[in-house]
file target_12.txt (compact mmCIF, C-alpha atoms and all ligand atoms)
# COMPACT_ATOMS: atom_id res chain seq x y z
CA MET D 13 0.00 0.00 0.00
CA ASP D 14 1.29 3.47 -0.87
CA ALA D 15 2.20 5.66 2.05
CA VAL D 16 -0.44 8.30 2.68
CA GLU D 17 1.08 11.76 2.62
CA THR D 18 0.10 13.80 5.63
CA ARG D 19 0.92 17.40 6.42
CA PRO D 20 0.54 19.25 9.70
CA ALA D 21 -2.94 20.68 10.24
CA VAL D 22 -3.24 24.45 10.67
CA LEU D 23 -6.21 25.76 12.66
CA ILE D 24 -6.77 29.46 13.36
CA LEU D 25 -8.91 30.63 16.27
CA LEU D 26 -10.27 34.13 15.62
CA GLY D 27 -12.23 36.05 18.20
CA PRO D 28 -12.15 39.10 20.46
CA PRO D 29 -10.54 39.16 23.90
CA GLY D 30 -12.38 36.75 26.18
CA ALA D 31 -13.96 34.76 23.35
CA GLY D 32 -12.38 31.60 24.73
CA LYS D 33 -9.50 31.13 22.27
CA GLY D 34 -6.98 30.13 24.92
CA THR D 35 -9.44 28.01 26.91
CA GLN D 36 -10.45 26.04 23.85
CA ALA D 37 -6.95 25.83 22.35
CA ARG D 38 -5.60 24.18 25.50
CA MET D 39 -8.38 21.57 25.47
CA LEU D 40 -7.94 20.84 21.76
CA GLU D 41 -4.19 20.56 22.25
CA GLU D 42 -4.67 17.83 24.85
CA GLU D 43 -7.19 15.88 22.81
CA PHE D 44 -5.78 16.14 19.28
CA GLY D 45 -2.06 16.58 19.91
CA LEU D 46 -1.90 19.86 18.02
CA VAL D 47 0.36 22.55 19.50
CA GLN D 48 -1.22 25.78 20.77
CA LEU D 49 0.71 28.80 19.50
CA SER D 50 -0.54 31.90 21.28
CA THR D 51 1.18 35.09 20.15
CA GLY D 52 -0.13 36.71 23.35
CA ASP D 53 1.67 34.08 25.46
CA LEU D 54 4.83 34.38 23.35
CA LEU D 55 4.80 38.17 23.72
CA ARG D 56 4.16 37.98 27.49
CA ALA D 57 7.14 35.60 27.77
CA ALA D 58 9.29 38.09 25.82
CA VAL D 59 8.15 40.90 28.14
CA ALA D 60 8.95 38.80 31.22
CA MET D 61 12.42 37.96 29.86
CA GLY D 62 13.09 41.59 28.94
CA THR D 63 14.12 40.78 25.36
CA PRO D 64 14.29 43.70 22.87
CA ALA D 65 10.97 42.51 21.36
CA GLY D 66 9.44 42.30 24.82
CA LEU D 67 10.61 45.78 25.77
CA ALA D 68 9.10 47.19 22.56
CA ALA D 69 5.81 45.30 23.06
CA LYS D 70 5.20 45.99 26.76
CA ALA D 71 3.62 49.45 26.63
CA VAL D 72 1.53 48.61 23.56
CA MET D 73 0.09 45.53 25.26
CA GLU D 74 -0.65 47.39 28.48
CA ALA D 75 -2.58 50.00 26.47
CA GLY D 76 -4.59 47.31 24.64
CA GLY D 77 -3.16 48.06 21.18
CA LEU D 78 -1.65 45.66 18.68
CA VAL D 79 2.09 44.99 18.66
CA SER D 80 3.78 45.67 15.30
CA ASP D 81 3.56 42.98 12.61
CA GLU D 82 7.37 42.94 12.42
CA ILE D 83 7.79 41.90 16.06
CA VAL D 84 4.90 39.43 16.06
CA LEU D 85 6.00 37.72 12.85
CA ALA D 86 9.59 37.33 14.05
CA ILE D 87 8.38 35.69 17.27
CA LEU D 88 5.91 33.43 15.47
CA LYS D 89 8.42 32.28 12.82
CA ASP D 90 10.90 31.27 15.52
CA ARG D 91 8.22 29.26 17.31
CA MET D 92 6.99 27.56 14.13
CA ALA D 93 10.53 26.42 13.36
CA GLU D 94 10.62 24.30 16.53
CA PRO D 95 10.27 20.52 16.09
CA ASP D 96 7.14 19.94 18.19
CA VAL D 97 4.78 21.44 15.59
CA THR D 98 4.93 18.40 13.26
CA LYS D 99 1.38 17.18 13.93
CA GLY D 100 -0.07 20.65 13.50
CA VAL D 101 -0.81 23.93 15.19
CA ILE D 102 -3.65 25.88 16.72
CA LEU D 103 -2.95 29.55 16.10
CA ASP D 104 -4.49 31.39 19.06
CA GLY D 105 -4.64 35.15 18.52
CA PHE D 106 -2.74 35.10 15.22
CA PRO D 107 -3.12 36.46 12.57
CA ARG D 108 -4.62 39.74 13.77
CA THR D 109 -4.00 42.02 10.77
CA ALA D 110 -4.19 41.68 6.98
CA GLY D 111 -0.39 41.88 6.89
CA GLN D 112 -0.04 38.99 9.36
CA ALA D 113 -2.54 36.89 7.36
CA ALA D 114 -0.58 37.44 4.13
CA ALA D 115 2.70 36.63 5.86
CA LEU D 116 1.21 33.44 7.31
CA ASP D 117 0.03 32.29 3.88
CA GLY D 118 3.56 32.85 2.53
CA LEU D 119 5.21 31.07 5.46
CA LEU D 120 2.94 28.03 5.14
CA ALA D 121 3.36 27.87 1.35
CA GLU D 122 7.13 27.54 1.80
CA SER D 123 6.55 24.14 3.43
CA GLY D 124 3.58 23.01 1.32
CA GLN D 125 1.07 23.84 4.04
CA ARG D 126 -2.05 25.97 4.12
CA VAL D 127 -4.71 27.10 6.57
CA ASP D 128 -7.09 24.14 6.98
CA ALA D 129 -9.73 25.90 9.07
CA ALA D 130 -10.26 29.36 10.56
CA VAL D 131 -12.88 29.46 13.29
CA SER D 132 -14.56 32.71 14.25
CA LEU D 133 -15.68 32.49 17.88
CA GLU D 134 -18.75 34.74 17.82
CA VAL D 135 -19.60 36.57 21.03
CA ASP D 136 -21.26 39.61 22.54
CA ASP D 137 -18.95 42.56 23.35
CA GLU D 138 -20.26 43.35 26.83
CA ALA D 139 -20.09 39.71 27.94
CA MET D 140 -16.46 39.70 26.84
CA ILE D 141 -15.57 42.53 29.20
CA ALA D 142 -16.96 40.46 32.10
CA ARG D 143 -15.08 37.35 31.01
CA VAL D 144 -11.76 39.15 30.71
CA ALA D 145 -12.12 41.14 33.95
CA GLY D 146 -12.82 37.96 36.01
CA ARG D 147 -10.05 35.83 34.58
CA TYR D 148 -7.01 34.42 36.41
CA THR D 149 -4.54 31.60 35.80
CA CYS D 150 -2.44 29.15 37.77
CA ALA D 151 1.00 30.70 38.24
CA ASP D 152 2.65 27.28 37.88
CA CYS D 153 0.97 25.58 34.89
CA GLY D 154 -1.07 28.37 33.28
CA GLU D 155 -4.44 26.64 33.61
CA GLY D 156 -7.18 29.26 33.19
CA TYR D 157 -9.96 30.07 35.68
CA HIS D 158 -12.67 32.65 36.14
CA ASP D 159 -14.24 34.22 39.24
CA ASP D 160 -17.75 33.30 38.04
CA PHE D 161 -17.53 30.77 35.21
CA LYS D 162 -14.71 28.35 36.07
CA GLN D 163 -13.38 28.05 39.59
CA PRO D 164 -11.03 25.29 40.80
CA VAL D 165 -12.86 22.27 42.25
CA HIS D 166 -11.03 22.86 45.56
CA ALA D 167 -10.83 26.59 46.31
CA GLY D 168 -7.30 27.96 45.94
CA VAL D 169 -5.84 24.75 44.45
CA CYS D 170 -5.22 24.31 40.71
CA ASP D 171 -7.20 21.34 39.31
CA LYS D 172 -4.43 20.51 36.88
CA CYS D 173 -1.16 20.73 38.82
CA GLY D 174 -2.12 21.30 42.48
CA GLY D 175 -0.43 24.70 42.52
CA THR D 176 -1.72 27.26 45.00
CA ALA D 177 -0.45 30.51 43.44
CA PHE D 178 -2.59 32.34 40.88
CA LYS D 179 -2.07 35.48 38.81
CA ARG D 180 -4.02 38.03 36.76
CA ARG D 181 -2.88 39.69 33.54
CA ALA D 182 -1.89 43.38 33.61
CA ASP D 183 -4.14 44.08 30.60
CA ASP D 184 -7.25 42.46 32.10
CA THR D 185 -8.88 45.65 33.39
CA ALA D 186 -12.28 46.63 31.97
CA GLU D 187 -10.76 49.80 30.44
CA THR D 188 -7.95 47.98 28.63
CA ALA D 189 -10.33 45.22 27.56
CA ARG D 190 -12.42 47.88 25.78
CA ALA D 191 -9.33 49.12 23.92
CA ARG D 192 -8.52 45.52 22.94
CA LEU D 193 -12.07 45.04 21.66
CA GLU D 194 -11.74 48.19 19.54
CA ALA D 195 -8.48 46.91 18.07
CA TYR D 196 -10.18 43.59 17.32
CA HIS D 197 -13.10 45.16 15.46
CA ALA D 198 -10.89 47.60 13.51
CA GLN D 199 -8.02 45.32 12.52
CA THR D 200 -8.82 41.65 13.11
CA ALA D 201 -12.53 41.16 12.37
CA PRO D 202 -11.97 41.90 8.64
CA LEU D 203 -9.98 38.65 8.48
CA ILE D 204 -13.26 36.74 8.90
CA ASP D 205 -14.16 37.71 5.31
CA HIS D 206 -10.65 36.86 4.14
CA TYR D 207 -10.95 33.26 5.36
CA ASP D 208 -14.55 33.04 4.16
CA HIS D 209 -13.35 33.85 0.65
CA LEU D 210 -10.69 31.14 0.95
CA GLY D 211 -13.45 28.63 1.83
CA VAL D 212 -11.98 27.63 5.22
CA LEU D 213 -14.13 29.71 7.59
CA ALA D 214 -16.38 28.20 10.27
CA ARG D 215 -18.45 30.29 12.66
CA VAL D 216 -19.04 28.99 16.19
CA ASP D 217 -21.43 30.56 18.70
CA ALA D 218 -19.10 31.10 21.66
CA MET D 219 -21.75 32.50 24.01
CA GLY D 220 -22.62 28.97 25.13
CA SER D 221 -20.90 26.98 27.86
CA ILE D 222 -17.23 26.04 27.58
CA ALA D 223 -18.34 22.43 26.98
CA ASP D 224 -20.74 23.37 24.18
CA VAL D 225 -18.10 25.45 22.40
CA ARG D 226 -15.61 22.62 22.86
CA ALA D 227 -18.04 20.16 21.25
CA ALA D 228 -18.57 22.41 18.22
CA LEU D 229 -14.82 22.89 17.77
CA GLY D 230 -14.07 19.20 18.24
CA GLY D 231 -16.00 18.30 15.10
CA ILE D 232 -14.09 20.88 13.07
CA VAL D 233 -10.69 19.75 14.32
CA ALA D 234 -11.54 16.06 13.85
CA ALA D 235 -12.31 16.80 10.18
CA ILE D 236 -8.92 18.43 9.51
CA THR D 237 -6.76 15.96 11.44
CA VAL D 238 -7.96 12.65 9.90
P1 LIG D 301 -3.87 37.72 23.75
O1 LIG D 301 -3.13 37.09 24.84
O2 LIG D 301 -4.02 36.99 22.46
O3 LIG D 301 -5.27 38.18 24.31
P2 LIG D 301 -6.70 38.35 23.63
O4 LIG D 301 -6.83 38.10 22.18
O5 LIG D 301 -7.14 39.68 24.09
O6 LIG D 301 -7.46 37.15 24.12
P3 LIG D 301 -7.60 36.70 25.60
O7 LIG D 301 -6.44 35.86 25.99
O8 LIG D 301 -7.92 37.87 26.47
O9 LIG D 301 -8.96 35.89 25.51
P4 LIG D 301 -9.25 34.42 25.01
O10 LIG D 301 -10.09 34.52 23.77
O11 LIG D 301 -8.03 33.56 24.93
O12 LIG D 301 -10.21 33.98 26.18
P5 LIG D 301 -9.95 32.96 27.38
O13 LIG D 301 -9.95 31.57 26.84
O14 LIG D 301 -8.78 33.36 28.21
O15 LIG D 301 -3.21 39.13 23.38
C1 LIG D 301 -2.86 40.05 24.38
C2 LIG D 301 -2.17 41.25 23.74
O16 LIG D 301 -0.97 40.81 23.07
C3 LIG D 301 -2.97 41.96 22.67
O17 LIG D 301 -3.85 42.91 23.22
C4 LIG D 301 -1.85 42.58 21.82
O18 LIG D 301 -1.34 43.74 22.45
C5 LIG D 301 -0.78 41.52 21.85
N1 LIG D 301 -0.87 40.57 20.74
C6 LIG D 301 -1.12 39.23 20.83
N2 LIG D 301 -1.13 38.66 19.62
C7 LIG D 301 -0.89 39.66 18.73
C8 LIG D 301 -0.80 39.71 17.31
N3 LIG D 301 -0.96 38.60 16.56
N4 LIG D 301 -0.55 40.91 16.73
C9 LIG D 301 -0.38 42.03 17.46
N5 LIG D 301 -0.46 42.06 18.82
C10 LIG D 301 -0.72 40.88 19.44
O19 LIG D 301 -11.30 33.17 28.21
C11 LIG D 301 -11.48 34.35 28.98
C12 LIG D 301 -12.18 33.99 30.30
O20 LIG D 301 -13.51 33.57 30.02
C13 LIG D 301 -11.48 32.82 31.04
O21 LIG D 301 -11.51 33.11 32.40
C14 LIG D 301 -12.36 31.59 30.71
O22 LIG D 301 -12.38 30.68 31.78
C15 LIG D 301 -13.72 32.23 30.48
N6 LIG D 301 -14.44 31.55 29.42
C16 LIG D 301 -13.94 31.06 28.24
N7 LIG D 301 -14.91 30.51 27.49
C17 LIG D 301 -16.08 30.67 28.21
C18 LIG D 301 -17.45 30.31 27.96
N8 LIG D 301 -17.83 29.70 26.83
N9 LIG D 301 -18.35 30.63 28.90
C19 LIG D 301 -17.99 31.27 30.06
N10 LIG D 301 -16.69 31.62 30.35
C20 LIG D 301 -15.77 31.33 29.43
call {"tool": "encode", "arguments": {"input": "target_12.txt", "output": "C-alpha cells"}}
result
Amino acid sequence: MDAVETRPAVLILLGPPGAGKGTQARMLEEEFGLVQLSTGDLLRAAVAMGTPAGLAAKAVMEAGGLVSDEIVLAILKDRMAEPDVTKGVILDGFPRTAGQAAALDGLLAESGQRVDAAVSLEVDDEAMIARVAGRYTCADCGEGYHDDFKQPVHAGVCDKCGGTAFKRRADDTAETARARLEAYHAQTAPLIDHYDHLGVLARVDAMGSIADVRAALGGIVAAITV
C-alpha cells in the first residue's frame, strides 16, 4: 500500500478578547495533539524575559493596542521552526491584521502547508468585558480560571497541577479590555471575510458553555486531522 502523505494541520482561532480562544486551544491541544501557539503568550514571555521585542511590546500591550507585525512575525516564525509542531498547530490570537494573514500564507506555502480551518468564535462585546475582567490563571501551569464561570474544584488549588499561586494579567482591566475590543473590530474582524473567501471559515457561537463550544470545535478539528 502506498504511504499516505500527511501534512501538519493548521487551525486558526479568531475572536475578540475573552472569546475563549486560549481556553479552547488548551483543550484541543490535549485531545488532538496539536500545538497551541498563542502570540499573546509568546509576547508575554518576551516581556517577562526583557528581550528587545518584549521591551518594545510591553507598553503597547498594556494599552490594549496591537504589537507591530514585524515583532509578532519574528516571534511566530521562531516558534513555528521548533520541532514539536509536526502534527499541527492551533494559532491562538494570530493572525490579527491583513499583513499577518498574508505573511502566514507565505510562510505556510514555503513548506507546502495551508490554513485548513479558521474558526470565528462569535460573542457579545459586553459579555467579553466580564469574562476578561474575572479571569485568572495558575502561576505554575497556566491553567485558566474565572471568578464566576470556572473556579477550581477545591478553592485555591489548581485542578491541573495542584499549585496554589494564581495570577491576573496586567491588561485584564475593563478599560484595557475595551481598547482591545476596539483593536479587534478595527483590525482583526476583517480577516473573517478573508478566510470566508478562501473557503476555510467556520463560525461557532461562543456565548454557550465552555463544553458546548468545545463540542462544536471538536467536530471541526476532527475533520482536519484525519
Ligand atoms: P492575547 O493574549 O491573544 O489576548 P486576547 O486576544 O485579548 O485574548 P484573551 O487571551 O484575552 O482571551 P481568550 O479569547 O483567549 O479567552 P480565554 O480563553 O482566556 O493578546 C494580548 C495582547 O498581546 C494583545 O492585546 C496585543 O497587544 C498583543 N498581541 C497578541 N497577539 C498579537 C498579534 N498577533 N498581533 C499584534 N499584537 C498581538 O477566556 C477568557 C475567560 O472567560 C477565562 O476566564 C475563561 O475561563 C472564560 N471563558 C472562556 N470561554 C467561556 C465560555 N464559553 N463561557 C464562560 N466563560 C468562558
call {"tool": "residues_around", "arguments": {"input": "target_12.txt", "residues": "Ala218 of chain D", "least_positions_apart": "3", "cutoff": "12 Å", "atoms": "only C-alpha atoms", "output": "ChimeraX atom specification"}}
result
/D:25-33,35-36,131-137,139-140,143,215,221-229
call {"tool": "closest_residue", "arguments": {"input": "target_12.txt", "among": "D:Leu55, D:Ile87, D:Leu46, D:Leu213", "to": "ligand LIG 301 (chain D)", "atoms": "all atoms listed in the file"}}
result
D:Leu55
call {"tool": "residues_near_ligand", "arguments": {"input": "target_12.txt", "ligand": "ligand LIG 301 (chain D)", "cutoff": "6 Å", "atoms": "all atoms listed in the file", "output": "PyMOL selection string"}}
result
chain D and resi 28-35+51-53+72-73+76-80+84+105-108+143-144+147+156-158+161-162+192+218-222
call {"tool": "residues_around", "arguments": {"input": "target_12.txt", "residues": "His206 of chain D", "least_positions_apart": "6", "cutoff": "10 Å", "atoms": "only C-alpha atoms", "output": "PyMOL selection string"}}
result
chain D and resi 110+113+130+212-213
call {"tool": "residues_around", "arguments": {"input": "target_12.txt", "residues": "Ala177 of chain D", "least_positions_apart": "2", "cutoff": "12 Å", "atoms": "all atoms listed in the file", "output": "compact mmCIF listing (two decimals) with C-alpha atoms, in the coordinates of the input"}}
result
# COMPACT_ATOMS: atom_id res chain seq x y z
CA TYR D 148 -7.01 34.42 36.41
CA THR D 149 -4.54 31.60 35.80
CA CYS D 150 -2.44 29.15 37.77
CA ALA D 151 1.00 30.70 38.24
CA ASP D 152 2.65 27.28 37.88
CA CYS D 153 0.97 25.58 34.89
CA GLY D 154 -1.07 28.37 33.28
CA GLU D 155 -4.44 26.64 33.61
CA ALA D 167 -10.83 26.59 46.31
CA GLY D 168 -7.30 27.96 45.94
CA VAL D 169 -5.84 24.75 44.45
CA CYS D 170 -5.22 24.31 40.71
CA CYS D 173 -1.16 20.73 38.82
CA GLY D 174 -2.12 21.30 42.48
CA GLY D 175 -0.43 24.70 42.52
CA LYS D 179 -2.07 35.48 38.81
CA ARG D 180 -4.02 38.03 36.76
call {"tool": "atom_distance", "arguments": {"input": "target_12.txt", "atom1": "atom CA of Asp90 of chain D", "atom2": "atom CA of Val127 of chain D"}}
result
18.5 Å
call {"tool": "atom_distance", "arguments": {"input": "target_12.txt", "atom1": "atom CA of Ala234 of chain D", "atom2": "atom CA of Asp208 of chain D"}}
result
19.8 Å
call {"tool": "residues_near_point", "arguments": {"input": "target_12.txt", "point": "(-9.5, 21.5, 20.0)", "cutoff": "9 Å", "atoms": "only C-alpha atoms", "output": "list in words"}}
result
Gln36, Ala37, Arg38, Met39, Leu40, Glu41, Glu42, Glu43, Phe44, Gly45, Leu46, Ile102, Arg226, Ala227, Leu229, Gly230, Gly231, Ile232, Val233 and Ala234 of chain D
call {"tool": "atom_distance", "arguments": {"input": "target_12.txt", "atom1": "atom CA of Asp183 of chain D", "atom2": "atom CA of Leu203 of chain D"}}
result
23.5 Å
call {"tool": "closest_residue", "arguments": {"input": "target_12.txt", "among": "D:Lys172, D:Gln48, D:Gln112, D:Ala75", "to": "Ala195 of chain D", "atoms": "all atoms listed in the file"}}
result
D:Ala75
call {"tool": "closest_residue", "arguments": {"input": "target_12.txt", "among": "D:Lys99, D:Asp104, D:Ala191, D:Ala198", "to": "Gln125 of chain D", "atoms": "only C-alpha atoms"}}
result
D:Lys99
call {"tool": "closest_residue", "arguments": {"input": "target_12.txt", "among": "D:Leu119, D:Val59, D:Ala21, D:Ala86", "to": "Thr98 of chain D", "atoms": "all atoms listed in the file"}}
result
D:Ala21
call {"tool": "closest_residue", "arguments": {"input": "target_12.txt", "among": "D:Ile141, D:Met92, D:Ala201, D:Ala129", "to": "Val22 of chain D", "atoms": "only C-alpha atoms"}}
result
D:Ala129
call {"tool": "build_atoms", "arguments": {"input": "target_12.txt", "residues": "segment 127-163 of chain D", "atoms": "N, CA and C atoms", "output": "mmCIF file, keeping the file's coordinate frame"}}
result
data_model
loop_
_atom_site.group_PDB
_atom_site.id
_atom_site.type_symbol
_atom_site.label_atom_id
_atom_site.label_comp_id
_atom_site.auth_asym_id
_atom_site.auth_seq_id
_atom_site.Cartn_x
_atom_site.Cartn_y
_atom_site.Cartn_z
ATOM 1 N N VAL D 127 -3.740 27.029 5.469
ATOM 2 C CA VAL D 127 -4.710 27.100 6.570
ATOM 3 C C VAL D 127 -5.814 26.092 6.275
ATOM 4 N N ASP D 128 -6.051 25.153 7.189
ATOM 5 C CA ASP D 128 -7.090 24.140 6.980
ATOM 6 C C ASP D 128 -8.452 24.635 7.461
ATOM 7 N N ALA D 129 -8.463 25.371 8.547
ATOM 8 C CA ALA D 129 -9.730 25.900 9.070
ATOM 9 C C ALA D 129 -9.444 27.154 9.881
ATOM 10 N N ALA D 130 -10.310 28.149 9.729
ATOM 11 C CA ALA D 130 -10.260 29.360 10.560
ATOM 12 C C ALA D 130 -11.619 29.476 11.230
ATOM 13 N N VAL D 131 -11.622 29.441 12.549
ATOM 14 C CA VAL D 131 -12.880 29.460 13.290
ATOM 15 C C VAL D 131 -13.070 30.837 13.917
ATOM 16 N N SER D 132 -14.200 31.442 13.604
ATOM 17 C CA SER D 132 -14.560 32.710 14.250
ATOM 18 C C SER D 132 -15.425 32.383 15.464
ATOM 19 N N LEU D 133 -14.918 32.686 16.644
ATOM 20 C CA LEU D 133 -15.680 32.490 17.880
ATOM 21 C C LEU D 133 -16.541 33.740 18.056
ATOM 22 N N GLU D 134 -17.855 33.591 17.896
ATOM 23 C CA GLU D 134 -18.750 34.740 17.820
ATOM 24 C C GLU D 134 -19.395 35.012 19.185
ATOM 25 N N VAL D 135 -19.198 36.240 19.661
ATOM 26 C CA VAL D 135 -19.600 36.570 21.030
ATOM 27 C C VAL D 135 -20.148 37.994 21.119
ATOM 28 N N ASP D 136 -20.680 38.299 22.276
ATOM 29 C CA ASP D 136 -21.260 39.610 22.540
ATOM 30 C C ASP D 136 -20.211 40.475 23.268
ATOM 31 N N ASP D 137 -20.022 41.718 22.808
ATOM 32 C CA ASP D 137 -18.950 42.560 23.350
ATOM 33 C C ASP D 137 -19.012 42.734 24.873
ATOM 34 N N GLU D 138 -20.184 43.053 25.393
ATOM 35 C CA GLU D 138 -20.260 43.350 26.830
ATOM 36 C C GLU D 138 -19.936 42.105 27.674
ATOM 37 N N ALA D 139 -20.401 40.939 27.203
ATOM 38 C CA ALA D 139 -20.090 39.710 27.940
ATOM 39 C C ALA D 139 -18.587 39.463 27.966
ATOM 40 N N MET D 140 -17.906 39.928 26.904
ATOM 41 C CA MET D 140 -16.460 39.700 26.840
ATOM 42 C C MET D 140 -15.712 40.502 27.895
ATOM 43 N N ILE D 141 -16.225 41.706 28.176
ATOM 44 C CA ILE D 141 -15.570 42.530 29.200
ATOM 45 C C ILE D 141 -15.630 41.776 30.544
ATOM 46 N N ALA D 142 -16.800 41.198 30.836
ATOM 47 C CA ALA D 142 -16.960 40.460 32.100
ATOM 48 C C ALA D 142 -16.048 39.234 32.145
ATOM 49 N N ARG D 143 -15.941 38.537 31.027
ATOM 50 C CA ARG D 143 -15.080 37.350 31.010
ATOM 51 C C ARG D 143 -13.626 37.709 31.269
ATOM 52 N N VAL D 144 -13.171 38.763 30.601
ATOM 53 C CA VAL D 144 -11.760 39.150 30.710
ATOM 54 C C VAL D 144 -11.466 39.678 32.121
ATOM 55 N N ALA D 145 -12.383 40.518 32.651
ATOM 56 C CA ALA D 145 -12.120 41.140 33.950
ATOM 57 C C ALA D 145 -12.134 40.130 35.095
ATOM 58 N N GLY D 146 -12.768 38.953 34.931
ATOM 59 C CA GLY D 146 -12.820 37.960 36.010
ATOM 60 C C GLY D 146 -11.809 36.839 35.873
ATOM 61 N N ARG D 147 -10.938 36.957 34.914
ATOM 62 C CA ARG D 147 -10.050 35.830 34.580
ATOM 63 C C ARG D 147 -8.794 35.788 35.450
ATOM 64 N N TYR D 148 -8.325 34.593 35.785
ATOM 65 C CA TYR D 148 -7.010 34.420 36.410
ATOM 66 C C TYR D 148 -6.459 33.051 36.015
ATOM 67 N N THR D 149 -5.170 32.866 36.202
ATOM 68 C CA THR D 149 -4.540 31.600 35.800
ATOM 69 C C THR D 149 -3.643 31.073 36.910
ATOM 70 N N CYS D 150 -3.393 29.768 36.849
ATOM 71 C CA CYS D 150 -2.440 29.150 37.770
ATOM 72 C C CYS D 150 -1.044 29.686 37.458
ATOM 73 N N ALA D 151 -0.337 30.142 38.464
ATOM 74 C CA ALA D 151 1.000 30.700 38.240
ATOM 75 C C ALA D 151 2.007 29.622 37.871
ATOM 76 N N ASP D 152 1.700 28.361 38.172
ATOM 77 C CA ASP D 152 2.650 27.280 37.880
ATOM 78 C C ASP D 152 2.441 26.684 36.490
ATOM 79 N N CYS D 153 1.187 26.289 36.164
ATOM 80 C CA CYS D 153 0.970 25.580 34.890
ATOM 81 C C CYS D 153 0.194 26.384 33.869
ATOM 82 N N GLY D 154 -0.362 27.535 34.251
ATOM 83 C CA GLY D 154 -1.070 28.370 33.280
ATOM 84 C C GLY D 154 -2.522 28.003 33.066
ATOM 85 N N GLU D 155 -3.033 27.000 33.770
ATOM 86 C CA GLU D 155 -4.440 26.640 33.610
ATOM 87 C C GLU D 155 -5.319 27.863 33.898
ATOM 88 N N GLY D 156 -6.360 28.061 33.057
ATOM 89 C CA GLY D 156 -7.180 29.260 33.190
ATOM 90 C C GLY D 156 -8.407 29.058 34.058
ATOM 91 N N TYR D 157 -8.766 30.102 34.819
ATOM 92 C CA TYR D 157 -9.960 30.070 35.680
ATOM 93 C C TYR D 157 -10.703 31.383 35.550
ATOM 94 N N HIS D 158 -11.882 31.423 36.151
ATOM 95 C CA HIS D 158 -12.670 32.650 36.140
ATOM 96 C C HIS D 158 -13.449 32.766 37.442
ATOM 97 N N ASP D 159 -13.547 34.000 37.960
ATOM 98 C CA ASP D 159 -14.240 34.220 39.240
ATOM 99 C C ASP D 159 -15.656 33.647 39.232
ATOM 100 N N ASP D 160 -16.354 33.756 38.101
ATOM 101 C CA ASP D 160 -17.750 33.300 38.040
ATOM 102 C C ASP D 160 -17.954 32.022 37.239
ATOM 103 N N PHE D 161 -17.204 31.839 36.156
ATOM 104 C CA PHE D 161 -17.530 30.770 35.210
ATOM 105 C C PHE D 161 -16.713 29.491 35.394
ATOM 106 N N LYS D 162 -15.544 29.562 35.978
ATOM 107 C CA LYS D 162 -14.710 28.350 36.070
ATOM 108 C C LYS D 162 -13.769 28.466 37.266
ATOM 109 N N GLN D 163 -14.226 27.999 38.404
ATOM 110 C CA GLN D 163 -13.380 28.050 39.590
ATOM 111 C C GLN D 163 -12.752 26.672 39.818
#
